[in-house]
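As provided, upload-v6.cif (mmCIF, C-alpha atoms) reads as follows.
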```cif
data_model
loop_
_atom_site.label_atom_id
_atom_site.label_comp_id
_atom_site.auth_asym_id
_atom_site.auth_seq_id
_atom_site.Cartn_x
_atom_site.Cartn_y
_atom_site.Cartn_z
CA PHE X 13 138.34 22.39 4.94
CA SER X 14 138.90 23.13 1.25
CA ARG X 15 142.35 24.58 1.97
CA ARG X 16 143.41 21.35 3.72
CA HIS X 17 142.18 19.31 0.78
CA LYS X 18 144.02 21.54 -1.68
CA LEU X 19 147.29 20.93 0.18
CA TYR X 20 146.51 17.23 0.31
CA ARG X 21 145.96 17.17 -3.47
CA GLU X 22 149.20 19.03 -4.13
CA GLU X 23 151.15 16.62 -1.93
CA LEU X 24 149.83 13.67 -3.88
CA ASN X 25 150.25 15.49 -7.19
CA LEU X 26 146.53 15.10 -7.83
CA THR X 27 146.19 18.50 -9.49
CA SER X 28 147.57 17.22 -12.80
CA LEU X 29 145.68 14.67 -14.84
CA VAL X 30 147.36 11.68 -16.39
CA ALA X 31 148.25 11.80 -20.09
CA PRO X 32 145.07 11.65 -22.17
CA LEU X 33 144.25 8.34 -23.77
CA PRO X 34 143.42 8.09 -27.48
CA LEU X 35 139.75 8.07 -28.37
CA ARG X 36 138.48 4.52 -28.74
CA PRO X 37 135.99 4.08 -31.61
CA GLU X 38 133.96 1.64 -29.49
CA ALA X 39 133.57 4.12 -26.60
CA SER X 40 129.91 4.28 -25.57
CA TRP X 41 129.88 8.10 -25.60
CA LEU X 42 131.08 8.18 -29.22
CA GLN X 43 128.70 5.42 -30.31
CA PHE X 44 125.80 7.31 -28.73
CA HIS X 45 126.74 10.48 -30.62
CA LEU X 46 127.13 8.60 -33.90
CA GLY X 47 123.69 7.04 -33.45
CA ILE X 48 121.83 10.37 -33.43
CA ASN X 49 119.59 10.61 -36.51
CA ARG X 50 116.65 12.65 -37.76
CA ASP X 51 114.19 10.37 -35.92
CA GLY X 52 115.68 10.71 -32.44
CA LEU X 53 118.74 10.72 -30.21
CA TYR X 54 119.18 6.96 -30.53
CA PRO X 55 117.63 4.03 -32.41
CA ARG X 56 115.15 1.73 -30.71
CA SER X 57 116.85 -0.96 -28.58
CA SER X 58 120.20 0.77 -29.02
CA PRO X 59 123.02 -1.33 -27.50
CA ALA X 60 125.20 1.80 -27.36
CA VAL X 61 122.70 3.54 -25.05
CA ASN X 62 122.55 0.57 -22.70
CA ARG X 63 126.37 0.52 -22.51
CA LEU X 64 126.41 4.28 -21.97
CA LEU X 65 123.99 3.97 -19.04
CA ARG X 66 126.22 1.34 -17.44
CA ASP X 67 129.37 3.41 -18.01
CA MET X 68 127.85 6.50 -16.40
CA GLN X 69 127.02 4.38 -13.36
CA ASP X 70 130.43 2.69 -13.11
CA PHE X 71 133.22 4.86 -14.56
CA THR X 72 135.45 6.83 -12.21
CA THR X 73 135.13 10.61 -12.26
CA ILE X 74 138.35 12.24 -13.47
CA SER X 75 137.30 15.90 -13.26
CA ALA X 76 134.44 18.12 -12.11
CA ASP X 77 133.48 21.69 -12.92
CA TYR X 78 130.58 24.10 -12.95
CA SER X 79 128.19 23.96 -15.89
CA GLN X 80 128.09 26.77 -18.45
CA ASP X 81 125.04 28.25 -16.66
CA GLU X 82 126.93 28.64 -13.40
CA LYS X 83 129.96 30.02 -15.23
CA ALA X 84 127.76 32.59 -16.96
CA LEU X 85 126.51 33.77 -13.59
CA LEU X 86 130.10 34.29 -12.49
CA GLY X 87 131.01 36.06 -15.72
CA ALA X 88 133.39 33.26 -16.69
CA CYS X 89 131.86 32.52 -20.09
CA ASP X 90 129.63 34.05 -22.74
CA CYS X 91 126.47 31.91 -22.69
CA SER X 92 123.36 32.72 -24.71
CA GLN X 93 120.98 30.52 -22.71
CA ILE X 94 118.52 32.01 -20.26
CA VAL X 95 119.97 31.71 -16.77
CA LYS X 96 118.02 32.22 -13.58
CA PRO X 97 120.59 32.65 -10.78
CA SER X 98 119.66 30.65 -7.72
CA GLY X 99 121.64 28.71 -5.18
CA VAL X 100 119.04 25.94 -5.06
CA HIS X 101 119.66 24.89 -8.67
CA LEU X 102 123.15 23.45 -8.54
CA LYS X 103 124.53 21.30 -11.34
CA LEU X 104 128.03 20.18 -12.23
CA VAL X 105 129.78 18.74 -15.26
CA LEU X 106 131.55 15.46 -14.49
CA ARG X 107 134.08 13.95 -16.88
CA PHE X 108 134.96 10.29 -17.24
CA GLN X 109 137.38 8.16 -19.22
CA ASP X 110 136.94 7.80 -22.98
CA PHE X 111 136.12 11.53 -23.12
CA GLY X 112 132.76 10.90 -21.48
CA LYS X 113 130.91 13.86 -19.97
CA ALA X 114 127.66 14.06 -18.01
CA MET X 115 125.58 16.69 -16.23
CA PHE X 116 125.24 15.93 -12.51
CA LYS X 117 122.19 17.21 -10.64
CA PRO X 118 122.22 16.43 -6.91
CA MET X 119 119.24 15.39 -4.82
CA ARG X 120 117.39 18.48 -3.56
CA GLN X 121 114.02 17.03 -2.64
CA LYS X 122 113.00 13.67 -1.18
CA ARG X 123 110.81 11.43 -3.29
CA ASP X 124 107.80 11.59 -0.98
CA GLU X 125 107.82 15.41 -0.84
CA GLU X 126 105.46 17.36 -3.06
CA THR X 127 106.16 20.84 -4.36
CA PRO X 128 104.22 23.28 -2.11
CA GLU X 129 101.06 24.45 -3.85
CA ASP X 130 102.01 28.11 -3.31
CA PHE X 131 105.26 27.74 -5.29
CA PHE X 132 105.45 29.36 -8.71
CA TYR X 133 106.80 26.98 -11.35
CA PHE X 134 109.84 29.19 -11.98
CA VAL X 135 111.03 28.94 -8.36
CA ASP X 136 110.36 25.21 -8.01
CA PHE X 137 113.09 22.78 -6.98
CA GLN X 138 115.03 20.79 -9.53
CA ARG X 139 114.67 17.09 -8.82
CA HIS X 140 117.29 14.53 -9.79
CA ASN X 141 114.75 11.71 -9.86
CA ALA X 142 112.60 13.73 -12.29
CA GLU X 143 115.49 13.74 -14.79
CA ILE X 144 115.82 9.95 -14.47
CA ALA X 145 112.09 9.29 -14.75
CA ALA X 146 111.76 11.67 -17.72
CA PHE X 147 114.33 9.66 -19.69
CA HIS X 148 112.45 6.41 -19.04
CA LEU X 149 109.07 7.93 -19.94
CA ASP X 150 110.47 9.49 -23.11
CA ARG X 151 111.81 6.09 -24.17
CA ILE X 152 108.49 4.37 -23.38
CA LEU X 153 106.63 6.93 -25.50
CA ASP X 154 109.12 6.16 -28.29
CA PHE X 155 110.06 9.83 -28.61
CA ARG X 156 113.78 9.22 -27.86
CA ARG X 157 114.39 12.96 -27.37
CA VAL X 158 115.77 12.96 -23.79
CA PRO X 159 119.51 12.26 -23.39
CA PRO X 160 120.33 8.98 -21.59
CA THR X 161 120.09 9.58 -17.84
CA VAL X 162 120.90 7.40 -14.82
CA GLY X 163 120.94 7.72 -11.07
CA ARG X 164 124.18 7.35 -9.16
CA LEU X 165 125.61 7.72 -5.68
CA ILE X 166 128.51 10.16 -5.94
CA ASN X 167 131.28 10.48 -3.36
CA VAL X 168 131.40 14.28 -3.23
CA THR X 169 134.88 14.29 -1.67
CA LYS X 170 136.65 11.85 -3.97
CA GLU X 171 134.64 12.41 -7.16
CA ILE X 172 134.15 16.19 -7.04
CA LEU X 173 136.37 18.01 -4.54
CA GLU X 174 139.56 15.99 -5.11
CA VAL X 175 139.33 16.00 -8.92
CA THR X 176 138.21 19.57 -9.66
CA LYS X 177 140.68 22.25 -10.73
CA ASN X 178 138.13 25.01 -10.20
CA GLU X 179 139.19 26.91 -7.09
CA ILE X 180 135.76 28.52 -6.73
CA LEU X 181 134.15 25.08 -6.62
CA GLN X 182 136.74 23.95 -4.09
CA SER X 183 135.96 26.98 -1.91
CA VAL X 184 132.26 26.15 -1.44
CA PHE X 185 132.90 22.79 0.27
CA PHE X 186 132.54 22.56 4.03
CA VAL X 187 131.78 20.05 6.78
CA SER X 188 128.38 20.41 8.43
CA PRO X 189 127.74 20.14 12.19
CA ALA X 190 126.59 16.57 11.50
CA SER X 191 130.05 15.83 10.00
CA ASN X 192 128.68 15.54 6.47
CA VAL X 193 130.62 16.96 3.50
CA CYS X 194 128.56 19.66 1.80
CA PHE X 195 128.87 22.21 -1.01
CA PHE X 196 126.70 24.98 -2.43
CA ALA X 197 126.36 27.06 -5.59
CA LYS X 198 128.34 30.23 -6.18
CA CYS X 199 126.06 32.88 -7.67
CA PRO X 200 124.87 36.48 -7.13
CA TYR X 201 122.21 35.66 -4.51
CA MET X 202 120.62 32.84 -2.51
CA CYS X 203 124.00 31.09 -2.42
CA LYS X 204 124.46 30.26 1.21
CA THR X 205 125.23 27.22 3.29
CA GLU X 206 121.49 26.92 4.02
CA TYR X 207 121.02 25.88 0.39
CA ALA X 208 123.90 23.42 0.32
CA VAL X 209 123.70 19.78 -0.69
CA CYS X 210 125.33 17.31 1.66
CA GLY X 211 126.66 13.80 1.47
CA ASN X 212 126.01 11.16 4.10
CA PRO X 213 128.77 11.75 5.08
CA HIS X 214 130.33 11.67 1.60
CA LEU X 215 127.78 9.86 -0.62
CA LEU X 216 125.15 11.94 -2.41
CA GLU X 217 122.37 10.84 -4.76
CA GLY X 218 122.14 12.52 -8.12
CA SER X 219 121.26 12.14 -11.77
CA LEU X 220 123.79 11.92 -14.60
CA SER X 221 122.63 12.99 -18.07
CA ALA X 222 124.90 12.26 -21.02
CA PHE X 223 126.17 15.31 -22.89
CA LEU X 224 125.20 15.80 -26.52
CA PRO X 225 127.91 16.39 -29.15
CA SER X 226 129.59 19.78 -28.86
CA LEU X 227 128.00 22.72 -30.64
CA ASN X 228 131.03 22.89 -32.94
CA LEU X 229 130.31 19.37 -34.22
CA ALA X 230 126.51 19.39 -34.04
CA PRO X 231 125.11 22.97 -33.98
CA ARG X 232 121.74 23.45 -32.27
CA LEU X 233 119.13 26.20 -32.29
CA SER X 234 117.46 27.38 -29.09
CA ILE X 235 113.97 28.56 -30.02
CA PRO X 236 111.34 30.23 -27.81
CA ASN X 237 108.33 28.01 -27.15
CA PRO X 238 105.21 29.60 -28.72
CA TRP X 239 103.38 28.55 -25.54
CA ILE X 240 105.94 30.10 -23.21
CA ARG X 241 104.61 31.10 -19.79
CA SER X 242 104.93 34.45 -18.10
CA TYR X 243 107.95 34.46 -15.78
CA SER X 244 106.56 37.05 -13.41
CA PHE X 245 104.19 37.00 -10.46
CA ASP X 246 101.38 38.60 -12.46
CA GLY X 247 100.37 38.95 -16.09
CA LYS X 248 99.52 36.33 -18.69
CA GLU X 249 100.74 35.37 -22.14
CA GLU X 250 98.39 35.63 -25.14
CA TRP X 251 97.79 31.87 -25.36
CA GLU X 252 96.46 31.90 -21.78
CA VAL X 253 93.65 34.35 -22.62
CA ASN X 254 93.02 33.70 -26.32
CA PRO X 255 91.54 30.25 -27.12
CA LEU X 256 92.17 30.92 -30.84
CA TYR X 257 95.87 31.58 -30.29
CA CYS X 258 96.89 28.56 -32.38
CA ASN X 259 95.47 30.25 -35.49
CA THR X 260 98.09 32.97 -35.03
CA VAL X 261 100.88 30.41 -34.58
CA ARG X 262 99.81 28.56 -37.73
CA GLU X 263 100.40 31.69 -39.81
CA ILE X 264 104.14 31.66 -39.05
CA TYR X 265 106.61 29.29 -40.68
CA PRO X 266 107.67 26.65 -39.67
CA TYR X 267 104.46 26.12 -37.68
CA SER X 268 102.41 26.62 -40.85
CA ASN X 269 103.75 23.49 -42.56
CA GLY X 270 105.62 20.30 -41.76
CA ASN X 271 106.05 18.55 -38.45
CA ARG X 272 107.08 21.45 -36.18
CA LEU X 273 103.65 22.06 -34.68
CA LEU X 274 103.08 18.32 -34.30
CA ASN X 275 106.40 18.09 -32.45
CA ILE X 276 105.30 20.94 -30.16
CA VAL X 277 102.17 18.92 -29.35
CA ASP X 278 104.33 15.87 -28.61
CA MET X 279 106.40 17.99 -26.24
CA ALA X 280 103.26 19.33 -24.53
CA ILE X 281 101.96 15.78 -24.01
CA PHE X 282 105.29 14.74 -22.52
CA ASP X 283 105.39 17.79 -20.25
CA PHE X 284 101.81 17.26 -19.11
CA LEU X 285 102.55 13.68 -18.12
CA ILE X 286 105.52 14.73 -15.97
CA GLY X 287 103.90 17.97 -14.77
CA ASN X 288 106.59 20.28 -16.21
CA MET X 289 105.48 23.91 -16.63
CA ASP X 290 108.98 25.27 -17.31
CA ARG X 291 109.41 24.68 -21.06
CA HIS X 292 110.30 28.23 -22.11
CA HIS X 293 112.61 27.16 -24.98
CA TYR X 294 113.28 24.07 -27.03
CA GLU X 295 116.36 23.02 -28.97
CA MET X 296 116.89 21.39 -32.37
CA PHE X 297 119.87 20.10 -34.34
CA THR X 298 120.34 22.33 -37.36
CA LYS X 299 121.57 19.34 -39.41
CA PHE X 300 118.06 17.87 -39.70
CA GLY X 301 116.39 21.04 -40.94
CA ASP X 302 113.07 22.57 -39.92
CA ASP X 303 111.30 19.22 -39.57
CA GLY X 304 113.88 17.73 -37.20
CA PHE X 305 112.87 16.48 -33.76
CA LEU X 306 112.76 18.70 -30.68
CA LEU X 307 115.11 17.93 -27.82
CA HIS X 308 113.37 17.43 -24.47
CA LEU X 309 116.10 18.82 -22.19
CA ASP X 310 116.06 19.98 -18.55
CA ASN X 311 113.19 17.99 -17.07
CA ALA X 312 114.16 18.40 -13.41
CA ARG X 313 111.05 20.46 -12.60
CA GLY X 314 108.80 17.56 -13.47
CA PHE X 315 107.15 15.13 -11.05
CA GLY X 316 106.68 17.82 -8.41
CA ARG X 317 102.97 17.41 -7.61
CA HIS X 318 101.26 14.07 -8.17
CA SER X 319 98.01 15.38 -6.68
CA HIS X 320 97.51 18.10 -9.30
CA ASP X 321 97.08 17.88 -13.09
CA GLU X 322 98.08 21.16 -14.76
CA THR X 323 95.86 20.94 -17.86
CA SER X 324 97.12 24.28 -19.20
CA ILE X 325 100.30 22.43 -20.27
CA LEU X 326 98.10 20.71 -22.89
CA ALA X 327 97.22 24.04 -24.56
CA PRO X 328 99.03 23.21 -27.83
CA LEU X 329 96.93 20.03 -28.15
CA SER X 330 93.61 21.48 -27.03
CA GLN X 331 93.96 24.73 -29.02
CA CYS X 332 95.44 23.29 -32.24
CA CYS X 333 93.57 19.97 -32.14
CA ILE X 334 96.25 17.99 -33.98
CA ILE X 335 98.29 14.96 -32.97
CA LYS X 336 100.57 12.50 -34.73
CA ARG X 337 99.00 9.16 -35.53
CA THR X 338 102.03 7.32 -34.12
CA THR X 339 101.81 9.29 -30.86
CA LEU X 340 98.09 8.61 -30.50
CA LEU X 341 98.52 4.90 -31.14
CA ARG X 342 101.26 4.68 -28.52
CA LEU X 343 99.12 6.53 -25.97
CA GLN X 344 96.14 4.28 -26.68
CA LEU X 345 98.33 1.21 -26.22
CA LEU X 346 99.63 2.50 -22.88
CA ALA X 347 96.03 2.99 -21.73
CA GLU X 348 95.27 -0.72 -22.20
CA PRO X 349 95.20 -2.76 -18.94
CA GLU X 350 97.94 -5.15 -20.08
CA TYR X 351 100.27 -2.27 -21.09
CA ARG X 352 99.28 0.29 -18.46
CA LEU X 353 101.68 3.23 -18.45
CA SER X 354 102.26 3.12 -14.68
CA ASP X 355 103.15 -0.57 -14.86
CA VAL X 356 105.54 -0.10 -17.78
CA MET X 357 107.20 2.86 -16.02
CA ARG X 358 107.49 0.98 -12.75
CA GLU X 359 109.21 -1.93 -14.46
CA SER X 360 111.51 0.33 -16.49
CA LEU X 361 112.59 2.37 -13.47
CA LEU X 362 113.58 -0.78 -11.58
CA GLN X 363 116.63 -0.90 -13.90
CA ASP X 364 118.04 2.21 -12.21
CA ARG X 365 120.29 1.79 -9.17
CA LEU X 366 118.40 4.47 -7.27
CA ALA X 367 115.10 2.59 -7.56
CA PRO X 368 112.43 3.30 -6.53
CA VAL X 369 112.83 6.49 -8.56
CA LEU X 370 109.18 7.59 -8.28
CA THR X 371 106.68 7.05 -5.51
CA GLU X 372 103.48 5.12 -6.24
CA PRO X 373 101.26 8.27 -6.34
CA HIS X 374 103.43 9.71 -9.13
CA LEU X 375 103.16 6.48 -11.12
CA LEU X 376 99.37 6.39 -10.75
CA ALA X 377 99.19 10.06 -11.76
CA LEU X 378 100.62 9.05 -15.15
CA ASP X 379 97.58 6.83 -15.81
CA ARG X 380 95.19 9.59 -14.78
CA ARG X 381 96.91 12.18 -16.97
CA LEU X 382 97.02 9.81 -19.92
CA GLN X 383 93.24 9.52 -19.76
CA LEU X 384 92.95 13.31 -19.76
CA ILE X 385 95.10 13.48 -22.91
CA LEU X 386 92.95 10.90 -24.69
CA LYS X 387 89.83 12.77 -23.55
CA ALA X 388 91.21 15.98 -25.11
CA VAL X 389 91.92 14.14 -28.38
CA ARG X 390 88.39 12.67 -28.44
CA LYS X 391 86.92 16.14 -27.91
CA CYS X 392 88.94 17.44 -30.87
CA ILE X 393 87.85 14.53 -33.07
CA ASP X 394 84.20 15.07 -32.14
CA THR X 395 84.54 18.74 -33.11
CA TYR X 396 86.67 18.58 -36.27
CA GLY X 397 86.69 14.95 -37.38
CA GLU X 398 89.51 12.39 -37.21
CA ALA X 399 90.88 13.27 -40.65
CA LYS X 400 91.73 16.82 -39.55
CA VAL X 401 92.94 15.97 -36.05
CA VAL X 402 95.05 12.83 -36.50
CA ALA X 403 98.00 13.58 -38.78
CA ASN X 404 99.85 10.96 -40.79
CA ASP X 405 103.34 11.79 -39.56
CA THR X 406 105.09 9.52 -42.04
CA ARG X 407 104.94 12.30 -44.62
CA GLN X 408 107.11 15.39 -44.28
CA PRO X 409 105.99 18.06 -46.79
CA GLU X 410 108.32 20.94 -47.49
CA ALA X 411 107.02 24.49 -47.37
CA PRO X 412 107.65 27.02 -50.14
CA ALA X 413 110.52 29.39 -49.43
CA SER X 414 108.10 32.34 -49.67
CA ASP X 415 106.23 31.12 -46.56
CA ARG X 416 109.30 31.17 -44.34
CA VAL X 417 109.64 33.66 -41.52
CA LYS X 418 112.87 33.63 -39.56
CA LEU X 419 112.61 32.58 -35.94
CA THR X 420 114.27 34.47 -33.11
CA THR X 421 117.04 32.25 -31.79
#
```

Go ahead and render the structure in this file as structure tokens.
Amino acid sequence: FSRRHKLYREELNLTSLVAPLPLRPEASWLQFHLGINRDGLYPRSSPAVNRLLRDMQDFTTISADYSQDEKALLGACDCSQIVKPSGVHLKLVLRFQDFGKAMFKPMRQKRDEETPEDFFYFVDFQRHNAEIAAFHLDRILDFRRVPPTVGRLINVTKEILEVTKNEILQSVFFVSPASNVCFFAKCPYMCKTEYAVCGNPHLLEGSLSAFLPSLNLAPRLSIPNPWIRSYSFDGKEEWEVNPLYCNTVREIYPYSNGNRLLNIVDMAIFDFLIGNMDRHHYEMFTKFGDDGFLLHLDNARGFGRHSHDETSILAPLSQCCIIKRTTLLRLQLLAEPEYRLSDVMRESLLQDRLAPVLTEPHLLALDRRLQLILKAVRKCIDTYGEAKVVANDTRQPEAPASDRVKLTT
């Protein structure tokens, strides 16, 4: 199948791209990158982000390739990120006009399917609709730390197979017995046709997440999460057995001063709402210093089980008993009947072309989890007092240089 398509492409001279166009200053991708500031990835009500979302839904794909993770598995690049080789976690980089680039994650699990309760979090599926919903929730919470993400129906033949130059990617395409066009990941194990994703016969649902500026232009640090989980079938991390673990974290800069620990709590609240247990690292732009915001990337393991609330995700909040005032006020607002979080999410997600993105039980789970967060905050306030728990996050004190301890990156 792939060999026939390769000959077809060569006959039509589709293997060579047209001459590159000059970069347009008004391109939505560029405007999104220029709008990144120390408060978030984009300003509130950013017109550039709305244009970017539309462009990712409408622009024609001009090339497709494996992501850096997949290339690292094949030994094709030197990547420092943690990579867990698995054929069920396939993602591709799609390029568009105006130098646009997005990460494509195909549909692996239907919306009404829950993650089996016997699954460990580190072998869970990656869900395209979780990436879409995470972006909308992040925007509603006013964090603005998730890259713009949309849902889209991709023609896997025309928009991946016929535009990719990667012969390995071409080689994993095949036609199923049901006459659907399918492809699978190429990696050391679990990469078989049983784990393929298939069009119907060519169209496949997926999420598209806008790329951030290149590391050459906007360097980022990848930092281990202090509340990282154990990635083995047995054993526990210190925070799971020591309720005073936060005292240890507070002794190390930058968690001893500034906003870093408060940002970790924000991230924990976000992850608890979506049910994401897989936050082993977080990233930051080096440009904004130690008090810059944390990027909430790779949210595809969220929204797996609406029937279960994993309260251990809230450990940074419950153990440290601190929260930003702005975060608390937003959560309290979204708990009010007229601004109920599930209602706001439902309305926001209707903007996406793959709506409904979440099933009703997942939306209602957001309200239930929000109440659990507020309950944890009230318990902290009853124990330590509001002055110690609720932090005025408008101030950003700088720590003395003598307090600094280098982080492992």

Worksheet item: Quick one: of X:Asp302, X:Asp394, X:Asp278, X:Glu263, who's nearest to Asp150 (chain X), counting all atoms listed in the file?
Response: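 Distance minimum relative to Asp150 (chain X) lands on X:Asp278.
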
Worksheet entry | Given only C-alpha atoms as the counted atoms, nearest of X:Val277, X:Ile172, X:Met68, X:Ala208 to Leu102 (chain X) |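 Comparing X:Val277, X:Ile172, X:Met68, X:Ala208 against Leu102 (chain X), the winner is X:Ala208.
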
For Leu216 (chain X), list every protein, DNA or RNA residue within 8 Å, evaluated using only C-alpha atoms, and leave out those in the same chain fewer than 4 positions away; present the list as a compact mmCIF listing (two decimals) with C-alpha atoms, in the coordinates of the input.
```
# COMPACT_ATOMS: atom_id res chain seq x y z
CA PRO X 118 122.22 16.43 -6.91
CA MET X 119 119.24 15.39 -4.82
CA LEU X 165 125.61 7.72 -5.68
CA ILE X 166 128.51 10.16 -5.94
CA ASN X 167 131.28 10.48 -3.36
CA VAL X 168 131.40 14.28 -3.23
CA CYS X 210 125.33 17.31 1.66
CA GLY X 211 126.66 13.80 1.47
CA ASN X 212 126.01 11.16 4.10
```

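Using only C-alpha atoms, the contacts of Glu38 (chain X) at a cut-off of 12 Å, with sequence neighbours closer than 6 positions omitted, comprise Phe44, His45, Leu46, Pro59, Ala60, Arg63, Leu64, Asp110 and Phe111 of chain X.
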
Practice prompt. Would you kindly translate the PyMOL selection byres ((chain X and resi 367) around 12) into the concrete residues it picks from this file, as a count of residues only?
Written response: 24
